[in-house]
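> The structure file my_file_28.cif (mmCIF, C-alpha atoms) is provided below.
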data_model
#
loop_
_atom_site.label_atom_id
_atom_site.label_comp_id
_atom_site.auth_asym_id
_atom_site.auth_seq_id
_atom_site.Cartn_x
_atom_site.Cartn_y
_atom_site.Cartn_z
CA MET P 1 0.00 0.00 0.00
CA THR P 2 1.44 3.35 -0.97
CA THR P 3 0.79 6.41 1.02
CA GLY P 4 2.06 9.87 0.45
CA GLU P 5 1.31 13.34 -0.63
CA LYS P 6 0.83 13.90 -4.36
CA THR P 7 0.38 17.08 -6.25
CA LYS P 8 -1.76 17.66 -9.28
CA PRO P 9 -2.16 20.84 -11.24
CA GLY P 10 -5.55 21.40 -9.62
CA GLY P 11 -4.33 21.05 -6.01
CA ARG P 12 -2.89 18.66 -3.45
CA PHE P 13 -4.32 15.33 -2.34
CA TYR P 14 -3.21 12.40 -0.19
CA LEU P 15 -3.20 8.74 -1.09
CA THR P 16 -3.65 6.07 1.55
CA GLY P 17 -5.67 3.00 2.42
CA LEU P 18 -9.04 3.02 4.12
CA ASP P 19 -7.69 0.80 6.91
CA GLN P 20 -4.99 3.26 7.68
CA VAL P 21 -7.36 6.22 7.74
CA ILE P 22 -9.68 4.41 10.10
CA ALA P 23 -6.82 3.32 12.34
CA TRP P 24 -5.46 6.86 12.35
CA ALA P 25 -8.84 8.23 13.37
CA ARG P 26 -9.25 5.59 16.03
CA LYS P 27 -5.95 5.99 17.71
CA PHE P 28 -6.49 9.70 18.31
CA SER P 29 -10.04 9.45 19.62
CA LEU P 30 -9.84 6.85 22.34
CA PHE P 31 -12.80 6.83 24.69
CA GLN P 32 -11.63 5.21 27.86
CA TYR P 33 -13.23 3.32 30.70
CA PRO P 34 -11.23 3.50 33.93
CA PHE P 35 -11.82 0.23 35.79
CA VAL P 36 -10.28 1.62 38.93
CA THR P 37 -9.89 -0.63 41.96
CA ALA P 38 -6.85 0.56 43.88
CA CYS P 39 -4.14 3.10 44.54
CA CYS P 40 -2.83 3.24 40.95
CA ALA P 41 -5.83 5.49 40.34
CA MET P 42 -3.85 8.38 41.82
CA GLU P 43 -1.32 8.16 39.02
CA PHE P 44 -4.10 7.74 36.51
CA MET P 45 -5.76 10.93 37.78
CA SER P 46 -2.43 12.69 37.64
CA THR P 47 -2.01 11.60 34.03
CA MET P 48 -5.50 12.80 33.20
CA GLY P 49 -4.94 16.14 34.94
CA PRO P 50 -3.47 19.33 33.50
CA MET P 51 0.13 18.59 34.50
CA TYR P 52 0.59 15.59 32.21
CA ASP P 53 -2.60 16.08 30.21
CA MET P 54 -3.47 12.87 28.49
CA ALA P 55 -5.84 14.84 26.26
CA ARG P 56 -2.82 15.87 24.18
CA PHE P 57 -2.67 12.30 22.93
CA GLY P 58 -6.28 12.11 21.86
CA ALA P 59 -7.41 10.16 24.90
CA GLU P 60 -9.41 12.72 26.73
CA ALA P 61 -12.95 11.55 27.25
CA PRO P 62 -13.64 9.06 30.02
CA ARG P 63 -16.80 7.10 29.52
CA TRP P 64 -18.56 5.55 32.49
CA SER P 65 -20.46 3.05 30.38
CA PRO P 66 -18.56 0.19 28.77
CA ARG P 67 -20.87 0.42 25.77
CA GLN P 68 -19.35 3.75 24.74
CA THR P 69 -15.78 2.69 25.33
CA ASP P 70 -12.77 1.91 23.16
CA VAL P 71 -10.08 1.18 25.71
CA ILE P 72 -10.48 -0.17 29.23
CA TRP P 73 -7.81 0.75 31.76
CA VAL P 74 -7.68 -1.84 34.51
CA VAL P 75 -6.12 0.29 37.22
CA GLY P 76 -5.17 -1.58 40.36
CA THR P 77 -5.48 -4.93 42.07
CA VAL P 78 -8.21 -7.22 40.80
CA THR P 79 -9.34 -9.78 43.34
CA ASN P 80 -10.70 -13.17 42.40
CA ARG P 81 -14.10 -12.04 43.49
CA GLN P 82 -13.85 -9.02 41.20
CA ALA P 83 -12.89 -11.20 38.22
CA PRO P 84 -16.45 -12.01 37.01
CA ILE P 85 -17.29 -8.30 37.13
CA LEU P 86 -14.25 -7.36 35.07
CA LYS P 87 -15.04 -10.10 32.57
CA ARG P 88 -18.60 -8.88 32.29
CA VAL P 89 -17.58 -5.24 31.83
CA TYR P 90 -15.10 -6.32 29.17
CA SER P 91 -17.69 -8.33 27.29
CA GLN P 92 -20.06 -5.35 27.29
CA ILE P 93 -17.56 -3.20 25.39
CA SER P 94 -18.32 -3.17 21.69
CA GLU P 95 -15.61 -3.89 19.15
CA PRO P 96 -13.05 -2.57 18.56
CA LYS P 97 -11.74 -2.70 22.10
CA TRP P 98 -8.36 -2.62 23.74
CA VAL P 99 -7.17 -3.40 27.26
CA VAL P 100 -4.40 -1.76 29.25
CA ALA P 101 -3.18 -3.46 32.45
CA PHE P 102 -2.17 -0.50 34.57
CA GLY P 103 0.39 -1.29 37.25
CA THR P 104 2.03 -4.43 38.50
CA CYS P 105 -1.05 -5.80 40.27
CA ALA P 106 -3.21 -5.74 37.17
CA SER P 107 -0.35 -7.13 35.08
CA CYS P 108 0.66 -10.11 37.23
CA GLY P 109 -0.79 -9.81 40.72
CA GLY P 110 2.24 -7.99 42.08
CA PHE P 111 3.20 -8.77 45.61
CA TYR P 112 -0.34 -9.90 46.37
CA ASP P 113 0.72 -13.49 45.75
CA ASN P 114 -2.09 -14.90 47.84
CA TYR P 115 -5.47 -16.62 47.81
CA ALA P 116 -7.45 -13.44 47.27
CA THR P 117 -5.86 -11.84 44.22
CA LEU P 118 -6.16 -12.64 40.55
CA GLN P 119 -2.60 -13.18 39.32
CA GLY P 120 -2.87 -10.85 36.36
CA ILE P 121 -5.95 -9.83 34.42
CA ASP P 122 -4.62 -11.65 31.35
CA LYS P 123 -5.93 -14.82 33.00
CA ILE P 124 -9.45 -13.77 32.09
CA ILE P 125 -9.25 -11.07 29.38
CA PRO P 126 -6.65 -10.44 26.66
CA VAL P 127 -4.32 -7.52 27.35
CA ASP P 128 -2.79 -5.21 24.76
CA VAL P 129 -0.39 -3.12 26.82
CA TYR P 130 1.13 -3.87 30.22
CA LEU P 131 2.29 -0.99 32.35
CA PRO P 132 4.62 -2.23 35.10
CA GLY P 133 5.33 -0.13 38.16
CA CYS P 134 3.90 0.26 41.60
CA PRO P 135 2.45 2.62 40.53
CA PRO P 136 3.76 3.58 37.08
CA ARG P 137 4.90 7.15 36.61
CA PRO P 138 2.70 9.37 34.42
CA GLU P 139 5.45 9.45 31.80
CA GLN P 140 5.28 5.68 31.67
CA VAL P 141 1.50 5.83 31.31
CA LEU P 142 1.84 8.17 28.37
CA ASP P 143 4.49 5.88 26.91
CA GLY P 144 2.06 2.98 27.23
CA LEU P 145 -0.66 5.01 25.58
CA MET P 146 1.62 5.78 22.65
CA LEU P 147 2.50 2.08 22.41
CA LEU P 148 -1.20 1.31 22.21
CA GLN P 149 -1.62 3.93 19.49
CA GLU P 150 1.20 2.38 17.49
CA LYS P 151 -0.50 -0.97 17.86
CA ILE P 152 -3.84 0.43 16.72
CA GLN P 153 -2.22 2.04 13.69
CA LYS P 154 -0.81 -1.34 12.66
CA GLU P 155 -4.13 -3.14 12.91
CA TYR P 156 -5.80 -3.92 9.60
CA ALA P 157 -9.34 -4.85 8.77
CA ARG P 158 -10.64 -4.42 12.25
CA TRP P 159 -13.46 -2.18 11.11
CA ASP P 160 -15.68 -5.08 10.04
CA ARG P 161 -16.87 -6.55 13.28
CA TRP P 162 -18.61 -9.49 11.68
CA SER P 163 -15.75 -10.90 9.68
CA PHE P 164 -12.55 -9.70 11.33
CA GLY P 165 -11.05 -8.46 14.44
CA SER P 166 -12.92 -10.17 17.21
CA LYS P 167 -10.25 -11.14 19.69
CA GLU P 168 -12.60 -12.75 22.13
CA ALA P 169 -15.65 -14.84 21.40
CA MET F 1 -10.45 -0.29 87.30
CA SER F 2 -9.56 -3.15 84.98
CA GLN F 3 -8.98 -5.53 87.87
CA LYS F 4 -12.38 -4.56 89.26
CA LEU F 5 -13.95 -5.65 86.01
CA ILE F 6 -12.35 -9.08 86.27
CA ASP F 7 -13.38 -9.38 89.89
CA ARG F 8 -16.90 -8.50 88.88
CA ILE F 9 -17.00 -11.38 86.37
CA ARG F 10 -15.44 -13.80 88.85
CA ALA F 11 -17.98 -12.83 91.49
CA ALA F 12 -21.00 -13.18 89.25
CA LEU F 13 -19.88 -16.26 87.30
CA PRO F 14 -17.27 -18.07 89.39
CA ASP F 15 -16.93 -21.08 87.07
CA ALA F 16 -16.63 -19.14 83.81
CA VAL F 17 -13.13 -17.63 83.95
CA ILE F 18 -10.19 -19.94 83.23
CA GLU F 19 -7.51 -17.27 83.28
CA ALA F 20 -7.50 -13.49 83.49
CA GLY F 21 -5.14 -10.59 83.80
CA VAL F 22 -4.37 -6.97 83.04
CA THR F 23 -2.10 -6.04 80.12
CA HIS F 24 -1.15 -2.43 79.38
CA GLY F 25 -3.90 -1.27 81.67
CA ASP F 26 -6.69 -3.21 79.98
CA ALA F 27 -8.32 -6.35 81.28
CA TRP F 28 -8.43 -9.65 79.46
CA ALA F 29 -10.11 -12.91 80.37
CA LEU F 30 -10.08 -16.41 78.92
CA VAL F 31 -13.51 -17.89 79.52
CA LYS F 32 -15.11 -21.28 79.02
CA ARG F 33 -16.97 -21.75 75.78
CA GLU F 34 -20.14 -22.83 77.59
CA ARG F 35 -20.22 -19.64 79.67
CA TYR F 36 -19.01 -17.25 76.94
CA LEU F 37 -22.49 -15.94 76.20
CA ASP F 38 -23.25 -15.49 79.90
CA VAL F 39 -20.05 -13.50 80.40
CA VAL F 40 -20.78 -11.20 77.50
CA ARG F 41 -24.36 -10.72 78.60
CA LEU F 42 -23.15 -9.83 82.09
CA LEU F 43 -20.68 -7.33 80.67
CA LYS F 44 -23.36 -5.73 78.57
CA GLU F 45 -26.18 -5.57 81.06
CA ASN F 46 -24.52 -5.17 84.45
CA ALA F 47 -24.67 -1.59 85.75
CA GLU F 48 -21.00 -1.63 86.74
CA CYS F 49 -19.81 -2.91 83.37
CA MET F 50 -22.12 -1.36 80.74
CA MET F 51 -20.09 -2.64 77.79
CA ASP F 52 -22.28 -1.22 75.05
CA HIS F 53 -19.59 -0.73 72.40
CA PHE F 54 -18.71 -3.79 70.33
CA ILE F 55 -15.24 -3.05 68.95
CA ASP F 56 -13.92 -6.17 67.30
CA LEU F 57 -14.25 -9.89 66.99
CA THR F 58 -11.68 -12.08 65.32
CA CYS F 59 -10.13 -15.50 65.53
CA VAL F 60 -6.67 -17.01 65.94
CA ASP F 61 -5.64 -20.42 64.66
CA TRP F 62 -3.27 -22.41 66.89
CA PRO F 63 -2.84 -25.69 64.97
CA GLN F 64 -0.69 -27.32 67.67
CA ARG F 65 -3.21 -26.83 70.46
CA PRO F 66 -6.07 -29.24 71.19
CA ASP F 67 -8.45 -26.28 71.42
CA ARG F 68 -7.35 -24.98 68.08
CA PHE F 69 -9.45 -21.89 67.45
CA GLU F 70 -9.40 -18.94 69.79
CA VAL F 71 -12.10 -16.33 69.30
CA VAL F 72 -11.01 -12.91 70.50
CA LEU F 73 -13.56 -10.25 71.37
CA HIS F 74 -13.01 -6.62 72.29
CA LEU F 75 -15.63 -4.65 74.17
CA ARG F 76 -15.72 -1.12 75.49
CA SER F 77 -18.06 0.95 77.61
CA SER F 78 -18.92 4.30 76.11
CA THR F 79 -20.19 5.64 79.46
CA LEU F 80 -17.53 4.27 81.83
CA GLY F 81 -14.68 4.24 79.33
CA HIS F 82 -13.13 0.87 80.20
CA ARG F 83 -12.33 -1.96 77.83
CA ILE F 84 -11.96 -5.71 78.04
CA ARG F 85 -10.68 -8.48 75.82
CA ILE F 86 -12.58 -11.76 76.08
CA LYS F 87 -11.14 -14.95 74.62
CA THR F 88 -12.70 -18.33 74.26
CA ARG F 89 -11.48 -21.54 72.63
CA ALA F 90 -13.05 -24.13 70.38
CA PRO F 91 -11.66 -27.56 69.40
CA ALA F 92 -10.71 -28.42 65.81
CA ASP F 93 -13.27 -31.19 65.42
CA ALA F 94 -16.20 -29.04 66.59
CA PRO F 95 -15.37 -25.37 65.99
CA VAL F 96 -18.62 -23.95 67.30
CA VAL F 97 -18.93 -20.83 69.43
CA PRO F 98 -22.14 -19.08 70.54
CA SER F 99 -23.07 -16.09 68.42
CA LEU F 100 -23.22 -12.58 69.82
CA ALA F 101 -25.37 -11.23 67.00
CA PRO F 102 -28.55 -11.29 69.15
CA LEU F 103 -26.74 -9.13 71.73
CA TYR F 104 -24.78 -6.80 69.48
CA LYS F 105 -25.83 -5.93 65.96
CA GLY F 106 -22.23 -5.13 65.12
CA ALA F 107 -21.23 -8.72 65.75
CA ASP F 108 -23.13 -9.90 62.68
CA TRP F 109 -20.56 -9.22 59.99
CA PHE F 110 -17.55 -9.83 62.26
CA GLU F 111 -18.78 -13.33 62.90
CA ARG F 112 -19.47 -13.85 59.23
CA GLU F 113 -15.90 -12.80 58.46
CA ALA F 114 -14.48 -15.12 61.12
CA TYR F 115 -16.58 -17.93 59.72
CA ASP F 116 -15.39 -17.11 56.21
CA MET F 117 -11.69 -17.02 57.08
CA TYR F 118 -11.44 -19.67 59.82
CA GLY F 119 -14.51 -21.86 59.47
CA VAL F 120 -15.67 -21.27 63.02
CA ALA F 121 -19.44 -21.68 63.16
CA PHE F 122 -21.33 -19.24 65.35
CA GLU F 123 -24.31 -20.94 66.88
CA GLY F 124 -27.42 -18.79 66.83
CA HIS F 125 -26.23 -16.43 64.11
CA PRO F 126 -29.20 -15.27 62.00
CA ASP F 127 -27.43 -15.43 58.62
CA LEU F 128 -24.10 -17.26 58.73
CA ARG F 129 -22.76 -17.00 55.18
CA ARG F 130 -19.38 -16.10 53.76
CA LEU F 131 -18.75 -12.39 53.86
CA LEU F 132 -15.68 -11.62 51.74
CA LEU F 133 -15.24 -14.73 49.63
CA TRP F 134 -17.81 -16.19 47.32
CA GLU F 135 -20.11 -19.15 47.80
CA GLY F 136 -18.29 -22.20 46.52
CA PHE F 137 -14.85 -21.23 47.79
CA GLU F 138 -13.11 -24.35 49.07
CA GLY F 139 -11.58 -24.15 52.51
CA HIS F 140 -10.91 -21.28 54.86
CA PRO F 141 -7.86 -19.30 53.79
CA LEU F 142 -6.60 -17.95 57.12
CA ARG F 143 -6.31 -21.39 58.65
CA LYS F 144 -2.66 -22.32 58.99
CA ASP F 145 -3.14 -25.51 56.99
CA TYR F 146 -4.61 -23.75 53.94
CA PRO F 147 -2.03 -24.28 51.16
CA LYS F 148 -0.59 -20.87 50.38
CA GLU F 149 -0.02 -21.66 46.69
CA LYS F 150 -3.66 -22.61 46.20
CA ARG F 151 -5.51 -20.30 43.82
CA GLN F 152 -9.24 -20.28 43.24
CA CYS F 153 -11.27 -18.13 40.90
CA PRO F 154 -15.06 -18.09 40.47
CA ILE F 155 -14.79 -18.03 36.67
CA PRO F 156 -12.64 -20.21 34.38
CA PHE F 157 -9.45 -18.78 32.92
CA ARG F 158 -9.00 -18.05 29.21
CA ASP F 159 -7.77 -20.93 27.09
CA ASP F 160 -4.65 -19.04 25.99
CA ALA F 161 -4.01 -17.46 29.36
CA PRO F 162 -0.34 -17.25 30.36
CA ALA F 163 0.85 -19.91 32.76
CA GLN F 164 0.65 -19.33 36.45
CA PRO F 165 4.02 -18.02 37.63
CA LYS F 166 5.79 -20.21 40.12
CA PRO F 167 5.61 -19.01 43.70
CA PHE F 168 8.66 -17.44 45.25
CA LYS F 169 11.14 -19.91 46.62
CA GLU F 170 11.31 -20.39 50.33
CA ARG F 171 14.39 -19.01 51.99
CA PRO F 172 16.63 -21.82 53.24
#
Give the structure from the file, written as structure tokens.

Amino acid sequence: MTTGEKTKPGGRFYLTGLDQVIAWARKFSLFQYPFVTACCAMEFMSTMGPMYDMARFGAEAPRWSPRQTDVIWVVGTVTNRQAPILKRVYSQISEPKWVVAFGTCASCGGFYDNYATLQGIDKIIPVDVYLPGCPPRPEQVLDGLMLLQEKIQKEYARWDRWSFGSKEA
Amino acid sequence: MSQKLIDRIRAALPDAVIEAGVTHGDAWALVKRERYLDVVRLLKENAECMMDHFIDLTCVDWPQRPDRFEVVLHLRSSTLGHRIRIKTRAPADAPVVPSLAPLYKGADWFEREAYDMYGVAFEGHPDLRRLLLWEGFEGHPLRKDYPKEKRQCPIPFRDDAPAQPKPFKERP
């Protein structure tokens, strides 16, 4: 697929693929659902606030309904008892959807290596980006967000939800 | 004042107290399981005790003892200001202790938590179900013989879920 700016006597136009245009639009208009369970939320709030300003990266609007959501941030420790709720929230999100495991606890259970804690949310839902740290710094959060955007830009044919792109049945 | 509280129990119920003392200015008493409810009722209703504030109820597991489970109760009087710690013991084969929920409403969830974590049944509790863990959880996780590597989840894992990491090695 060739992309690039071309000029014609009448004016300038841009050649690209439909997939790439859609991915480009998607990655800069992420509606996010904060599934916040623990102390990592402080860093998430800091990242959302004016100091680090996640809105610069096109991820401004939080949505409190999973049905209006593109990316779910699982922020904090998820207990085994919370696991069915997380799974249910995840399955309510319409395609396309992405998951970020925010912090060590969400990524692998962290130091809560005990009977109560789910040892990483990837046991029950697929994860796109892991953010290690206890908690991760806002710079790291923004780095993870940019990683997710790179990943979204590389995805092809995920705009047809009936034939492609469903990661989870 | 704490010693007076113990004397008061001993005078009213001479056969109930096994052992008693004063630690850091607060009274404690180990009482017989059969007289546990009588002791608490005395502490609540007697005019010299007036223990109307239920602070805490928990349990301790002593696997090497014949009376394995020790239920620990903290009470305080909001008018007189004194406190007491009441302990009672239950054997491993019949971990049953009388419930305080009819006396103190606050005891309801504390006893449910102790039942959830230690498997101690509270006789006379109106609604003895698990509090923090879900129905169907196997075992009682704060017992000393609960395997610490054991993991339970109410929903099945994904088919392509990453393997469970190995637990940290024990220090030699």
> Box along x, y and z, 8 Å on every side, all listed atoms of region 111-122 of chain F inside: centre and edge lengths in Å to one decimal, as JSON.

{"center_x": -16.4, "center_y": -17.3, "center_z": 60.8, "size_x": 25.9, "size_y": 25.1, "size_z": 25.1}
> Take the PyMOL selection byres ((chain F) within 8 of (chain P)), run it mentally on this structure, and tell me the resulting residues as a list in words.
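For this structure, the PyMOL selection byres ((chain F) within 8 of (chain P)) resolves to Leu133, Trp134, Pro141, Lys148, Glu149, Lys150, Arg151, Gln152, Cys153, Pro154, Ile155, Pro156, Phe157, Arg158, Ala161, Pro162, Gln164 and Pro167 of chain F.
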> Keeping only C-alpha atoms, write those residues as a PDB file, in the coordinates of the input.

ATOM      1  CA  LEU F 133     -15.240 -14.730  49.630  1.00  0.00           C
ATOM      2  CA  TRP F 134     -17.810 -16.190  47.320  1.00  0.00           C
ATOM      3  CA  PRO F 141      -7.860 -19.300  53.790  1.00  0.00           C
ATOM      4  CA  LYS F 148      -0.590 -20.870  50.380  1.00  0.00           C
ATOM      5  CA  GLU F 149      -0.020 -21.660  46.690  1.00  0.00           C
ATOM      6  CA  LYS F 150      -3.660 -22.610  46.200  1.00  0.00           C
ATOM      7  CA  ARG F 151      -5.510 -20.300  43.820  1.00  0.00           C
ATOM      8  CA  GLN F 152      -9.240 -20.280  43.240  1.00  0.00           C
ATOM      9  CA  CYS F 153     -11.270 -18.130  40.900  1.00  0.00           C
ATOM     10  CA  PRO F 154     -15.060 -18.090  40.470  1.00  0.00           C
ATOM     11  CA  ILE F 155     -14.790 -18.030  36.670  1.00  0.00           C
ATOM     12  CA  PRO F 156     -12.640 -20.210  34.380  1.00  0.00           C
ATOM     13  CA  PHE F 157      -9.450 -18.780  32.920  1.00  0.00           C
ATOM     14  CA  ARG F 158      -9.000 -18.050  29.210  1.00  0.00           C
ATOM     15  CA  ALA F 161      -4.010 -17.460  29.360  1.00  0.00           C
ATOM     16  CA  PRO F 162      -0.340 -17.250  30.360  1.00  0.00           C
ATOM     17  CA  GLN F 164       0.650 -19.330  36.450  1.00  0.00           C
ATOM     18  CA  PRO F 167       5.610 -19.010  43.700  1.00  0.00           C
TER      19      PRO F 167
END
> Which residues fall under the PyMOL selection byres ((chain F and resi 78-81) around 9) in this file, as an NGL selection string?
:F and (48-53 or 76-77 or 82-83)
> Hey, can you check how far CA of Ala47 (chain F) sits from CA of Asp26 (chain F)?
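Result for CA of Ala47 (chain F) versus CA of Asp26 (chain F): 19.0 Å, one decimal.
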> Name every residue that the PyMOL selection byres ((chain F and resi 37) around 12) selects in this structure, writing the answer as a PDB file with C-alpha atoms, keeping the file's coordinate frame with chains first and numbers rising.

ATOM      1  CA  LEU F  13     -19.880 -16.260  87.300  1.00  0.00           C
ATOM      2  CA  ALA F  16     -16.630 -19.140  83.810  1.00  0.00           C
ATOM      3  CA  VAL F  31     -13.510 -17.890  79.520  1.00  0.00           C
ATOM      4  CA  LYS F  32     -15.110 -21.280  79.020  1.00  0.00           C
ATOM      5  CA  ARG F  33     -16.970 -21.750  75.780  1.00  0.00           C
ATOM      6  CA  GLU F  34     -20.140 -22.830  77.590  1.00  0.00           C
ATOM      7  CA  ARG F  35     -20.220 -19.640  79.670  1.00  0.00           C
ATOM      8  CA  TYR F  36     -19.010 -17.250  76.940  1.00  0.00           C
ATOM      9  CA  ASP F  38     -23.250 -15.490  79.900  1.00  0.00           C
ATOM     10  CA  VAL F  39     -20.050 -13.500  80.400  1.00  0.00           C
ATOM     11  CA  VAL F  40     -20.780 -11.200  77.500  1.00  0.00           C
ATOM     12  CA  ARG F  41     -24.360 -10.720  78.600  1.00  0.00           C
ATOM     13  CA  LEU F  42     -23.150  -9.830  82.090  1.00  0.00           C
ATOM     14  CA  LEU F  43     -20.680  -7.330  80.670  1.00  0.00           C
ATOM     15  CA  LYS F  44     -23.360  -5.730  78.570  1.00  0.00           C
ATOM     16  CA  LEU F  73     -13.560 -10.250  71.370  1.00  0.00           C
ATOM     17  CA  ILE F  86     -12.580 -11.760  76.080  1.00  0.00           C
ATOM     18  CA  LYS F  87     -11.140 -14.950  74.620  1.00  0.00           C
ATOM     19  CA  THR F  88     -12.700 -18.330  74.260  1.00  0.00           C
ATOM     20  CA  VAL F  97     -18.930 -20.830  69.430  1.00  0.00           C
ATOM     21  CA  PRO F  98     -22.140 -19.080  70.540  1.00  0.00           C
ATOM     22  CA  SER F  99     -23.070 -16.090  68.420  1.00  0.00           C
ATOM     23  CA  LEU F 100     -23.220 -12.580  69.820  1.00  0.00           C
ATOM     24  CA  ALA F 101     -25.370 -11.230  67.000  1.00  0.00           C
ATOM     25  CA  PRO F 102     -28.550 -11.290  69.150  1.00  0.00           C
ATOM     26  CA  LEU F 103     -26.740  -9.130  71.730  1.00  0.00           C
ATOM     27  CA  TYR F 104     -24.780  -6.800  69.480  1.00  0.00           C
ATOM     28  CA  PHE F 122     -21.330 -19.240  65.350  1.00  0.00           C
ATOM     29  CA  GLU F 123     -24.310 -20.940  66.880  1.00  0.00           C
ATOM     30  CA  GLY F 124     -27.420 -18.790  66.830  1.00  0.00           C
TER      31      GLY F 124
END
> To one decimal place, how far is CA of Ser94 (chain P) from CA of Pro136 (chain P) in Å?
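The value is 27.7 Å.
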> Could you name the residues that touch Ala55 (chain P) at 12 Å or less, counting all atoms listed in the file, but leaving out those on the same chain fewer than 2 positions away, as a PyMOL selection string?
chain P and resi 28-32+47-53+57-62+142+145
